[in-house]
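Colleague: So here's query.txt, just compact mmCIF, C-alpha atoms:
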```txt
# COMPACT_ATOMS: atom_id res chain seq x y z
CA MET A 1 92.28 60.44 101.15
CA THR A 2 94.79 63.22 100.63
CA GLU A 3 93.57 66.66 101.53
CA SER A 4 94.18 69.29 98.89
CA THR A 5 96.83 71.89 99.61
CA GLN A 6 94.94 74.29 97.35
CA PHE A 7 91.59 76.04 97.32
CA SER A 8 89.48 75.44 94.21
CA ALA A 9 89.16 78.61 92.14
CA VAL A 10 85.47 79.13 91.45
CA ASP A 11 83.68 82.28 90.42
CA ARG A 12 83.32 83.57 93.96
CA ASN A 13 87.00 83.47 94.98
CA ARG A 14 88.79 83.66 91.64
CA VAL A 15 91.02 86.76 91.31
CA LYS A 16 89.49 88.60 88.38
CA ARG A 17 91.56 91.76 87.92
CA VAL A 18 95.23 90.92 87.10
CA PRO A 19 94.66 87.15 87.53
CA GLU A 20 98.42 86.44 87.57
CA ARG A 21 98.47 88.01 91.04
CA GLY A 22 96.06 85.35 92.33
CA GLN A 23 97.23 82.61 94.72
CA TYR A 24 95.22 79.58 95.82
CA GLU A 25 97.72 77.56 97.88
CA LYS A 26 96.40 77.19 101.45
CA GLU A 27 99.91 77.80 102.78
CA ASP A 28 100.09 81.19 101.03
CA VAL A 29 96.60 82.27 102.09
CA TYR A 30 97.23 81.22 105.71
CA ALA A 31 100.56 83.06 105.89
CA ILE A 32 98.75 86.29 104.99
CA LEU A 33 95.92 85.66 107.47
CA ASP A 34 98.47 85.00 110.22
CA ALA A 35 100.56 88.08 109.42
CA ALA A 36 97.59 90.44 109.77
CA LEU A 37 96.38 91.67 113.15
CA ILE A 38 92.88 92.57 112.01
CA CYS A 39 90.43 91.53 109.34
CA HIS A 40 87.35 93.14 107.78
CA VAL A 41 84.15 91.07 107.92
CA ALA A 42 81.44 91.75 105.33
CA PHE A 43 77.89 90.56 105.89
CA ILE A 44 74.34 91.27 104.78
CA GLN A 45 71.61 92.51 107.09
CA ASP A 46 68.20 93.76 105.91
CA ASP A 47 69.53 93.54 102.33
CA GLN A 48 72.31 96.02 103.16
CA PRO A 49 76.05 95.30 103.03
CA PHE A 50 78.04 95.95 106.21
CA VAL A 51 81.75 95.72 106.90
CA ILE A 52 83.30 95.71 110.37
CA PRO A 53 86.96 95.44 111.40
CA THR A 54 87.83 92.95 114.12
CA LEU A 55 90.72 90.88 115.47
CA HIS A 56 91.05 87.34 114.14
CA ALA A 57 93.04 84.18 114.84
CA ARG A 58 93.36 80.91 112.98
CA ASP A 59 92.97 77.30 114.10
CA GLY A 60 93.97 75.12 111.15
CA ASP A 61 91.35 75.48 108.45
CA ARG A 62 89.12 77.72 110.56
CA LEU A 63 89.23 81.46 111.05
CA LEU A 64 88.23 82.54 114.56
CA LEU A 65 86.43 85.76 115.51
CA HIS A 66 85.45 86.79 119.01
CA GLY A 67 83.46 89.44 120.75
CA ALA A 68 80.86 90.13 123.37
CA THR A 69 77.94 87.70 123.29
CA THR A 70 75.79 90.80 122.67
CA SER A 71 77.82 91.85 119.59
CA ARG A 72 75.73 92.21 116.45
CA LEU A 73 78.55 90.96 114.26
CA ILE A 74 79.24 87.88 116.37
CA LYS A 75 75.55 86.99 116.71
CA HIS A 76 75.12 87.35 112.95
CA VAL A 77 78.09 85.09 112.19
CA ALA A 78 77.10 82.60 114.91
CA ALA A 79 73.68 82.28 113.25
CA GLY A 80 75.41 80.74 110.24
CA ASN A 81 75.00 83.61 107.81
CA GLU A 82 77.43 83.87 104.89
CA VAL A 83 80.37 86.18 105.45
CA SER A 84 83.30 87.33 103.38
CA ILE A 85 86.43 88.22 105.34
CA ALA A 86 89.44 90.11 104.01
CA VAL A 87 92.86 90.88 105.41
CA THR A 88 95.24 93.25 103.68
CA LEU A 89 98.86 94.19 104.32
CA VAL A 90 100.36 97.12 102.42
CA ASP A 91 104.08 96.68 101.76
CA GLY A 92 105.01 99.74 99.75
CA LEU A 93 104.23 102.56 97.36
CA VAL A 94 105.07 101.81 93.73
CA LEU A 95 106.06 104.94 91.80
CA ALA A 96 106.07 104.44 88.05
CA ARG A 97 107.14 106.99 85.44
CA SER A 98 103.50 107.33 84.38
CA VAL A 99 100.67 108.14 86.79
CA PHE A 100 98.70 105.30 85.19
CA HIS A 101 101.11 102.61 86.42
CA HIS A 102 101.36 103.84 90.01
CA SER A 103 100.39 101.13 92.45
CA VAL A 104 101.03 99.68 95.87
CA ASN A 105 102.67 96.43 96.85
CA TYR A 106 100.35 94.38 99.02
CA ARG A 107 99.37 90.95 100.29
CA SER A 108 95.65 90.34 100.64
CA ALA A 109 93.49 87.31 101.33
CA VAL A 110 89.73 86.89 101.14
CA ILE A 111 87.81 83.97 102.59
CA PHE A 112 84.16 82.94 102.31
CA GLY A 113 82.21 80.81 104.74
CA ARG A 114 79.51 80.39 107.35
CA GLY A 115 80.45 80.44 111.01
CA ARG A 116 79.30 78.50 114.03
CA GLN A 117 79.62 79.29 117.71
CA LEU A 118 82.16 77.42 119.87
CA ASP A 119 81.34 75.77 123.19
CA ASP A 120 83.17 76.63 126.44
CA ALA A 121 86.13 74.27 125.89
CA GLY A 122 86.61 75.47 122.32
CA LYS A 123 86.24 79.05 123.52
CA MET A 124 89.08 78.79 126.06
CA ASP A 125 91.40 77.31 123.43
CA ALA A 126 90.40 80.02 120.95
CA LEU A 127 91.03 82.82 123.45
CA ALA A 128 94.50 81.40 124.03
CA ARG A 129 95.09 81.60 120.26
CA PHE A 130 93.91 85.22 120.13
CA THR A 131 96.09 86.21 123.07
CA GLU A 132 99.17 84.37 121.81
CA LYS A 133 98.73 85.84 118.32
CA LEU A 134 98.67 89.35 119.80
CA VAL A 135 101.57 88.79 122.20
CA PRO A 136 103.24 85.36 122.30
CA GLY A 137 103.85 84.45 125.95
CA ARG A 138 101.03 86.56 127.34
CA TRP A 139 98.58 83.72 128.05
CA ASP A 140 100.86 82.24 130.74
CA ASP A 141 101.33 85.62 132.45
CA ALA A 142 97.97 87.43 132.45
CA ARG A 143 94.97 86.42 134.56
CA LEU A 144 92.99 83.84 132.59
CA PRO A 145 89.28 84.29 131.84
CA ASN A 146 86.93 83.32 134.65
CA SER A 147 83.52 81.77 134.13
CA THR A 148 81.71 85.13 134.09
CA GLU A 149 84.07 86.47 131.45
CA LEU A 150 83.80 83.26 129.40
CA LYS A 151 80.03 83.59 129.51
CA ALA A 152 80.23 87.20 128.29
CA THR A 153 82.49 86.24 125.38
CA ALA A 154 81.44 84.47 122.20
CA VAL A 155 83.81 82.88 119.71
CA VAL A 156 82.79 81.88 116.21
CA ALA A 157 84.75 79.65 113.86
CA VAL A 158 84.43 80.13 110.11
CA PRO A 159 85.65 77.09 108.12
CA ILE A 160 87.92 78.38 105.36
CA ASP A 161 86.36 76.38 102.52
CA LEU A 162 86.82 78.94 99.81
CA ALA A 163 89.61 81.52 99.74
CA SER A 164 92.21 83.21 97.62
CA ALA A 165 95.11 85.57 97.99
CA LYS A 166 96.23 88.44 95.79
CA VAL A 167 99.77 89.71 96.00
CA ARG A 168 101.79 92.41 94.27
CA THR A 169 105.54 92.63 94.78
CA GLY A 170 108.45 94.27 93.01
CA GLY A 171 109.09 97.48 91.16
CA PRO A 172 107.03 99.57 88.76
CA LYS A 173 106.16 98.34 85.27
CA ASP A 174 105.96 101.14 82.72
CA ASP A 175 105.11 101.30 79.04
CA ALA A 176 108.21 100.73 76.89
CA GLU A 177 108.35 104.30 75.57
CA ASP A 178 108.21 105.81 79.09
CA TYR A 179 111.50 104.32 80.30
CA ALA A 180 113.37 107.18 78.61
CA LEU A 181 111.51 109.81 80.69
CA PRO A 182 113.67 111.65 83.25
CA VAL A 183 111.36 110.68 86.11
CA TRP A 184 112.57 108.79 89.17
CA ALA A 185 110.84 105.43 89.52
CA GLY A 186 110.98 102.93 92.33
CA VAL A 187 109.36 101.63 95.47
CA VAL A 188 109.00 103.19 98.90
CA PRO A 189 108.67 100.12 101.17
CA MET A 190 106.32 100.35 104.15
CA THR A 191 106.31 98.35 107.33
CA THR A 192 104.58 98.25 110.70
CA ARG A 193 106.85 99.04 113.61
CA TYR A 194 106.29 98.60 117.34
CA LEU A 195 107.39 101.51 119.51
CA PRO A 196 108.78 101.27 123.06
CA PRO A 197 106.15 99.96 125.52
CA VAL A 198 104.23 102.49 127.61
CA THR A 199 103.68 101.19 131.13
CA ASP A 200 100.18 101.76 132.54
CA PRO A 201 100.51 104.67 135.01
CA ALA A 202 97.89 102.89 137.14
CA MET A 203 100.29 100.00 137.91
CA THR A 204 100.41 99.34 141.65
CA THR A 205 103.16 96.69 141.48
CA ASP A 206 106.67 97.04 140.08
CA ALA A 207 106.34 94.20 137.53
CA PRO A 208 108.86 95.04 134.80
CA VAL A 209 108.19 94.92 131.05
CA PRO A 210 108.23 91.14 130.41
CA PRO A 211 110.94 89.65 128.16
CA TYR A 212 108.30 88.31 125.77
CA VAL A 213 107.13 91.91 125.15
CA THR A 214 110.68 93.12 124.55
CA ASP A 215 111.26 90.12 122.25
CA LEU A 216 108.07 90.80 120.31
CA ILE A 217 109.08 94.40 119.67
CA ARG A 218 112.61 93.43 118.63
CA MET A 219 111.42 90.64 116.32
CA ARG A 220 108.68 92.79 114.80
CA ASN A 221 111.14 95.58 114.14
CA GLY A 222 113.50 93.13 112.45
CA GLY A 223 116.24 93.54 115.06
CA MET B 1 71.16 126.97 105.36
CA THR B 2 73.98 125.75 107.55
CA GLU B 3 75.28 122.34 106.69
CA SER B 4 75.61 119.98 109.61
CA THR B 5 79.12 119.23 110.83
CA GLN B 6 77.84 115.87 112.09
CA PHE B 7 76.41 112.70 110.61
CA SER B 8 73.04 111.65 111.99
CA ALA B 9 73.31 108.47 114.04
CA VAL B 10 70.68 106.06 112.74
CA ASP B 11 70.50 102.31 113.15
CA ARG B 12 72.80 101.61 110.22
CA ASN B 13 75.79 103.70 111.28
CA ARG B 14 75.34 103.91 115.07
CA VAL B 15 78.23 102.34 117.01
CA LYS B 16 76.56 99.54 118.95
CA ARG B 17 79.34 97.83 120.93
CA VAL B 18 80.97 100.25 123.43
CA PRO B 19 78.91 103.25 122.16
CA GLU B 20 81.13 105.76 123.99
CA ARG B 21 83.81 105.01 121.38
CA GLY B 22 81.52 106.25 118.61
CA GLN B 23 82.20 109.54 116.81
CA TYR B 24 79.88 111.28 114.35
CA GLU B 25 81.65 114.58 113.63
CA LYS B 26 82.47 114.78 109.91
CA GLU B 27 85.86 116.26 110.74
CA ASP B 28 86.77 113.19 112.84
CA VAL B 29 85.50 110.68 110.28
CA TYR B 30 87.32 112.46 107.42
CA ALA B 31 90.61 112.62 109.32
CA ILE B 32 90.54 108.82 109.65
CA LEU B 33 89.60 108.32 105.98
CA ASP B 34 92.47 110.60 104.93
CA ALA B 35 95.03 108.93 107.19
CA ALA B 36 94.37 105.48 105.70
CA LEU B 37 95.95 104.36 102.44
CA ILE B 38 93.42 101.64 101.68
CA CYS B 39 89.81 100.86 102.45
CA HIS B 40 87.69 97.70 102.36
CA VAL B 41 84.55 97.86 100.23
CA ALA B 42 81.66 95.50 101.05
CA PHE B 43 78.94 94.82 98.51
CA ILE B 44 76.29 92.26 97.67
CA GLN B 45 76.27 90.19 94.48
CA ASP B 46 73.96 87.21 93.88
CA ASP B 47 72.85 87.49 97.53
CA GLN B 48 76.43 86.94 98.70
CA PRO B 49 78.55 89.41 100.67
CA PHE B 50 81.93 90.36 99.18
CA VAL B 51 84.71 92.53 100.55
CA ILE B 52 87.60 93.87 98.47
CA PRO B 53 90.51 96.13 99.50
CA THR B 54 91.30 99.11 97.31
CA LEU B 55 92.93 102.55 97.39
CA HIS B 56 90.68 105.51 98.10
CA ALA B 57 90.81 109.29 98.06
CA ARG B 58 88.38 111.95 99.27
CA ASP B 59 86.91 114.99 97.57
CA GLY B 60 84.92 116.89 100.19
CA ASP B 61 81.87 114.83 101.12
CA ARG B 62 82.59 112.12 98.53
CA LEU B 63 84.83 109.09 98.78
CA LEU B 64 86.55 108.22 95.49
CA LEU B 65 87.46 104.73 94.27
CA HIS B 66 89.16 103.92 91.00
CA GLY B 67 90.06 100.92 88.91
CA ALA B 68 90.02 99.45 85.46
CA THR B 69 86.77 100.03 83.59
CA THR B 70 86.53 96.23 83.47
CA SER B 71 86.81 95.86 87.28
CA ARG B 72 83.89 94.00 88.85
CA LEU B 73 84.04 96.15 91.96
CA ILE B 74 84.08 99.45 90.08
CA LYS B 75 81.29 98.39 87.71
CA HIS B 76 79.19 97.28 90.66
CA VAL B 77 79.67 100.57 92.51
CA ALA B 78 79.19 102.62 89.33
CA ALA B 79 75.83 100.90 88.84
CA GLY B 80 74.61 102.61 92.01
CA ASN B 81 74.49 99.57 94.27
CA GLU B 82 74.73 100.09 98.03
CA VAL B 83 78.20 99.72 99.50
CA SER B 84 79.67 99.88 102.95
CA ILE B 85 83.29 101.03 103.12
CA ALA B 86 85.59 100.72 106.13
CA VAL B 87 89.06 102.02 106.90
CA THR B 88 90.96 100.94 109.98
CA LEU B 89 94.24 102.07 111.51
CA VAL B 90 95.72 100.03 114.35
CA ASP B 91 97.68 102.17 116.81
CA GLY B 92 98.80 99.72 119.47
CA LEU B 93 98.42 96.55 121.49
CA VAL B 94 96.69 97.03 124.83
CA LEU B 95 97.92 94.57 127.45
CA ALA B 96 95.68 94.40 130.51
CA ARG B 97 96.31 92.38 133.66
CA SER B 98 93.45 90.08 132.66
CA VAL B 99 93.20 88.34 129.28
CA PHE B 100 89.58 89.50 129.11
CA HIS B 101 90.52 93.18 128.96
CA HIS B 102 93.20 92.85 126.28
CA SER B 103 92.48 95.05 123.31
CA VAL B 104 94.00 97.15 120.57
CA ASN B 105 93.99 100.90 120.11
CA TYR B 106 92.53 101.81 116.75
CA ARG B 107 90.80 104.43 114.63
CA SER B 108 88.16 103.12 112.26
CA ALA B 109 85.52 104.71 110.05
CA VAL B 110 82.64 103.16 108.17
CA ILE B 111 80.63 104.90 105.47
CA PHE B 112 77.47 103.89 103.61
CA GLY B 113 76.35 105.08 100.22
CA ARG B 114 75.71 104.50 96.55
CA GLY B 115 78.31 105.52 94.00
CA ARG B 116 78.13 107.06 90.57
CA GLN B 117 80.71 107.13 87.81
CA LEU B 118 82.64 110.35 87.04
CA ASP B 119 83.02 111.86 83.58
CA ASP B 120 86.43 112.58 81.99
CA ALA B 121 86.96 115.98 83.64
CA GLY B 122 85.99 114.63 87.06
CA LYS B 123 88.18 111.60 86.43
CA MET B 124 91.33 113.64 85.80
CA ASP B 125 90.77 115.66 88.97
CA ALA B 126 90.16 112.47 90.93
CA LEU B 127 93.32 110.79 89.63
CA ALA B 128 95.28 113.86 90.75
CA ARG B 129 93.78 113.38 94.23
CA PHE B 130 94.73 109.69 94.30
CA THR B 131 98.28 110.43 93.17
CA GLU B 132 98.77 113.35 95.54
CA LYS B 133 97.36 111.32 98.46
CA LEU B 134 99.88 108.53 97.76
CA VAL B 135 102.84 110.86 97.21
CA PRO B 136 102.31 114.64 97.45
CA GLY B 137 104.19 116.29 94.59
CA ARG B 138 104.09 113.28 92.27
CA TRP B 139 101.35 114.59 89.93
CA ASP B 140 103.60 117.41 88.67
CA ASP B 141 106.50 115.05 88.04
CA ALA B 142 105.14 111.82 86.53
CA ARG B 143 103.70 111.50 83.03
CA LEU B 144 100.01 112.38 83.21
CA PRO B 145 97.31 110.00 81.95
CA ASN B 146 96.71 110.09 78.20
CA SER B 147 93.32 109.59 76.58
CA THR B 148 93.77 105.82 76.18
CA GLU B 149 94.65 105.46 79.86
CA LEU B 150 91.77 107.72 80.91
CA LYS B 151 89.42 105.55 78.87
CA ALA B 152 90.73 102.40 80.57
CA THR B 153 90.23 103.90 84.06
CA ALA B 154 86.95 104.37 85.85
CA VAL B 155 86.44 106.51 88.92
CA VAL B 156 83.38 106.30 91.14
CA ALA B 157 82.35 108.81 93.78
CA VAL B 158 80.38 107.64 96.81
CA PRO B 159 78.64 110.53 98.62
CA ILE B 160 79.35 110.13 102.33
CA ASP B 161 75.78 110.59 103.55
CA LEU B 162 75.96 108.22 106.45
CA ALA B 163 79.11 107.44 108.39
CA SER B 164 80.61 106.96 111.81
CA ALA B 165 83.98 106.47 113.42
CA LYS B 166 85.01 104.26 116.30
CA VAL B 167 88.17 104.99 118.22
CA ARG B 168 89.99 103.45 121.16
CA THR B 169 92.93 105.23 122.74
CA GLY B 170 94.81 105.02 126.01
CA GLY B 171 95.88 102.33 128.41
CA PRO B 172 94.26 99.14 129.66
CA LYS B 173 91.21 99.17 131.91
CA ASP B 174 91.12 96.29 134.37
CA ASP B 175 88.67 95.14 137.02
CA ALA B 176 89.37 96.85 140.35
CA GLU B 177 90.56 93.67 142.10
CA ASP B 178 93.09 92.89 139.34
CA TYR B 179 95.22 96.01 139.84
CA ALA B 180 97.04 94.25 142.68
CA LEU B 181 98.21 91.42 140.38
CA PRO B 182 101.98 91.35 139.70
CA VAL B 183 101.40 91.47 135.93
CA TRP B 184 102.90 94.17 133.72
CA ALA B 185 100.20 96.20 131.98
CA GLY B 186 100.53 98.84 129.32
CA VAL B 187 100.45 99.65 125.64
CA VAL B 188 102.79 98.68 122.82
CA PRO B 189 102.24 101.48 120.29
CA MET B 190 102.33 100.56 116.59
CA THR B 191 102.99 102.78 113.62
CA THR B 192 103.55 102.53 109.87
CA ARG B 193 107.06 103.46 108.77
CA TYR B 194 108.43 104.15 105.31
CA LEU B 195 111.79 102.57 104.55
CA PRO B 196 114.50 104.05 102.28
CA PRO B 197 113.35 104.22 98.64
CA VAL B 198 114.42 101.43 96.30
CA THR B 199 115.27 102.82 92.85
CA ASP B 200 113.92 100.78 89.91
CA PRO B 201 116.92 98.87 88.50
CA ALA B 202 115.35 99.41 85.06
CA MET B 203 115.95 103.18 85.25
CA THR B 204 117.68 104.39 82.07
CA THR B 205 118.12 107.99 83.25
CA ASP B 206 119.95 109.25 86.34
CA ALA B 207 116.96 111.10 87.81
CA PRO B 208 117.64 111.23 91.58
CA VAL B 209 115.13 110.39 94.33
CA PRO B 210 112.92 113.52 94.28
CA PRO B 211 112.84 115.80 97.35
CA TYR B 212 109.07 115.21 97.72
CA VAL B 213 109.77 111.48 98.19
CA THR B 214 112.48 112.15 100.77
CA ASP B 215 110.15 114.63 102.50
CA LEU B 216 107.28 112.12 102.54
CA ILE B 217 109.46 109.49 104.17
CA ARG B 218 110.81 111.92 106.76
CA MET B 219 107.37 113.31 107.62
CA ARG B 220 105.78 109.87 107.75
CA ASN B 221 108.50 108.66 110.07
CA GLY B 222 107.97 111.64 112.34
CA GLY B 223 111.43 113.11 111.68
```
Mind turning the file's structure into structure tokens?
Modeller:
Amino acid sequence: MTESTQFSAVDRNRVKRVPERGQYEKEDVYAILDAALICHVAFIQDDQPFVIPTLHARDGDRLLLHGATTSRLIKHVAAGNEVSIAVTLVDGLVLARSVFHHSVNYRSAVIFGRGRQLDDAGKMDALARFTEKLVPGRWDDARLPNSTELKATAVVAVPIDLASAKVRTGGPKDDAEDYALPVWAGVVPMTTRYLPPVTDPAMTTDAPVPPYVTDLIRMRNGG
Amino acid sequence: MTESTQFSAVDRNRVKRVPERGQYEKEDVYAILDAALICHVAFIQDDQPFVIPTLHARDGDRLLLHGATTSRLIKHVAAGNEVSIAVTLVDGLVLARSVFHHSVNYRSAVIFGRGRQLDDAGKMDALARFTEKLVPGRWDDARLPNSTELKATAVVAVPIDLASAKVRTGGPKDDAEDYALPVWAGVVPMTTRYLPPVTDPAMTTDAPVPPYVTDLIRMRNGG
């Protein structure tokens, strides 16, 4: 049996506005999930919608969330309730000649699913993924979680059964008759930059800024 | 009657995890809403949670969303259904000596409310707010919306009756016995930068990059 490289587009995940911006290839959706540091999790409690930002990581076809075992969000997801999770990266301001066609360039992904809680072995692996996503190389340097900390932490995995991405790239698109207007049009690209590391003033040892931190900053800043 | 400068903290908006990070002053919540380009709107349809990213603007105690009149999200909000809207800004990676205490610095705000659709006069004012939030000065330069475009655009206002902010700043906090570990600890600050503007190759006039665009980039980049 060959696994599909695409998500089915059903009513729930189909991109409705500007459908040509919709993407359903797993590879494309996962690239956006991996590029984003945080996600927004939507859920229903007492018939009310809630949305909470949190860090995420990915393990194959599962999105991982973590938090204190006492966290309302984590308990709610662990109980198997439906969630919708979005990540969004803004890549630039799009300035058209007409106000109407102003826009932003972005990459967004939305997934739908029901989570389940991981056991201790799965938890340790997941925490390594979270740590390495934040700062590759950190897991082998920092003090690893002890049993008390593991007990205080819950990790939930949400199988990514249904998902889609929506992406806008490129310059402004104006109405034909507006191209003659003497108005500058173009894109102001945006990007996330890492600034020089700030050493904790409470350090009692002279451990230098690790090379993997310097590398992360250089790579992130495109240097 | 003096209007309160604070949101009441009730079950729905009270910050539950790490309550000392919670903020309820309107001024603090609004500053976070204004600093963010996009928000994530959560809503319920057919008993399922959904979350969609979109641009937002603010008009006093109301959050504004806009979109095509045919947009599912906008129609749903315009119908007066409950929504929860979050904005989140990530300010840095927090590297503690222990994996357990790793974190990020962030500013987030969540609001709750029910929207209503604006009429044509309100719509024009709102579109000016959206445009000026994206690029201050642009409204007086670009071609303004005509009646066809106004008809195709819907704007909803969500009164910000209930809201809260959650903020983490500063360095890592480790367990007392971990301060002796020879592990570098500190913060890697993150920020959004604007890159040099990319002029639309389809420009047919020689209108230069406007000063308000150059100013925006310089101010955003802290120059």
Colleague: Would you please work out which residue, of B:Lys133, B:His40, B:Lys75, B:His66, is nearest to chain A when using only C-alpha atoms?
Modeller: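 Among B:Lys133, B:His40, B:Lys75, B:His66, it is B:His40 that comes nearest to chain A.
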Colleague: Pick the closest to Phe43 in chain B from B:Val167, B:Ala121, B:Met190, B:Leu73: which is it, counting all atoms listed in the file?
Modeller: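 Nearest candidate to Phe43 in chain B out of B:Val167, B:Ala121, B:Met190, B:Leu73: B:Leu73.
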Colleague: Compare B:Lys26, B:Arg220, B:His101, B:Arg21 by their minimum atom-to-atom distance to Thr153 in chain A, counting all atoms listed in the file, and give me the closest one.
Modeller: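 Residue with the minimum atom-to-atom distance to Thr153 in chain A: B:His101.
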Colleague: Which residues, written as a PyMOL selection string, have at least one atom at most 10 Å from range 86-90 of chain A, with all atoms listed in the file counted and residues fewer than 4 positions away on the same chain left out?
Modeller: (chain A and resi 29+32-42+51+53+56+104-112+163-168+189-192) or (chain B and resi 37-42+50-54+192)
Colleague: Would you kindly return, as a ChimeraX atom specification, each protein, DNA or RNA residue with an atom no farther than 7 Å from any atom of Ala96 in chain B, considering all atoms listed in the file and excluding same-chain residues fewer than 6 positions away?
Modeller: /B:102,172-174,185-186
Colleague: Expressed in Å to a single decimal, how great is the separation between CA of Asp200 in chain B and CA of Glu20 in chain A?
Modeller: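 We find that CA of Asp200 in chain B and CA of Glu20 in chain A lie 21.2 Å from each other.
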Colleague: Could you state the separation of CA of Pro201 in chain B and CA of Ala176 in chain A in Å, given to one decimal place?
Modeller: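 Separation of CA of Pro201 in chain B and CA of Ala176 in chain A: 14.6 Å.
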Colleague: Pick the closest to chain B from A:Ala68, A:Ala154, A:Ala78, A:Ala9: which is it, counting all atoms listed in the file?
Modeller: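 For chain B, the nearest of the given residues is A:Ala68.
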Colleague: In Å, how far is it from CA of Arg218 in chain B to CA of Val135 in chain A?
Modeller: 29.3 Å
Colleague: Calculated over only C-alpha atoms, which of the candidates A:Val213, A:Ser103, A:Arg17, A:Leu118 has the smallest distance to Ile74 in chain B?
Modeller: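 Among A:Val213, A:Ser103, A:Arg17, A:Leu118, it is A:Arg17 that comes nearest to Ile74 in chain B.
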Colleague: Rank A:Asp91, A:Glu149, A:Asp161, A:Asp59 by their smallest atom-to-atom distance to Ser4 in chain A, using only C-alpha atoms, and report the top residue only.
Modeller: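 Result for the nearest residue to Ser4 in chain A: A:Asp161.
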Colleague: Tell me which protein, DNA and RNA residues are within 10 Å of Val99 in chain A, counting only C-alpha atoms, leaving out same-chain ones fewer than 2 positions away, and put them as an mmCIF file with C-alpha atoms, keeping the file's coordinate frame.
Modeller:
```cif
data_model
loop_
_atom_site.group_PDB
_atom_site.id
_atom_site.type_symbol
_atom_site.label_atom_id
_atom_site.label_comp_id
_atom_site.auth_asym_id
_atom_site.auth_seq_id
_atom_site.Cartn_x
_atom_site.Cartn_y
_atom_site.Cartn_z
ATOM 1 C CA LEU A 95 106.060 104.940 91.800
ATOM 2 C CA ALA A 96 106.070 104.440 88.050
ATOM 3 C CA ARG A 97 107.140 106.990 85.440
ATOM 4 C CA HIS A 101 101.110 102.610 86.420
ATOM 5 C CA HIS A 102 101.360 103.840 90.010
ATOM 6 C CA SER A 103 100.390 101.130 92.450
ATOM 7 C CA ASP A 174 105.960 101.140 82.720
ATOM 8 C CA LEU B 127 93.320 110.790 89.630
ATOM 9 C CA ALA B 128 95.280 113.860 90.750
ATOM 10 C CA PHE B 130 94.730 109.690 94.300
ATOM 11 C CA THR B 131 98.280 110.430 93.170
ATOM 12 C CA ARG B 138 104.090 113.280 92.270
ATOM 13 C CA TRP B 139 101.350 114.590 89.930
ATOM 14 C CA ASP B 140 103.600 117.410 88.670
ATOM 15 C CA ASP B 141 106.500 115.050 88.040
ATOM 16 C CA ALA B 142 105.140 111.820 86.530
ATOM 17 C CA ARG B 143 103.700 111.500 83.030
ATOM 18 C CA LEU B 144 100.010 112.380 83.210
ATOM 19 C CA PRO B 145 97.310 110.000 81.950
ATOM 20 C CA ASN B 146 96.710 110.090 78.200
ATOM 21 C CA GLU B 149 94.650 105.460 79.860
#
```
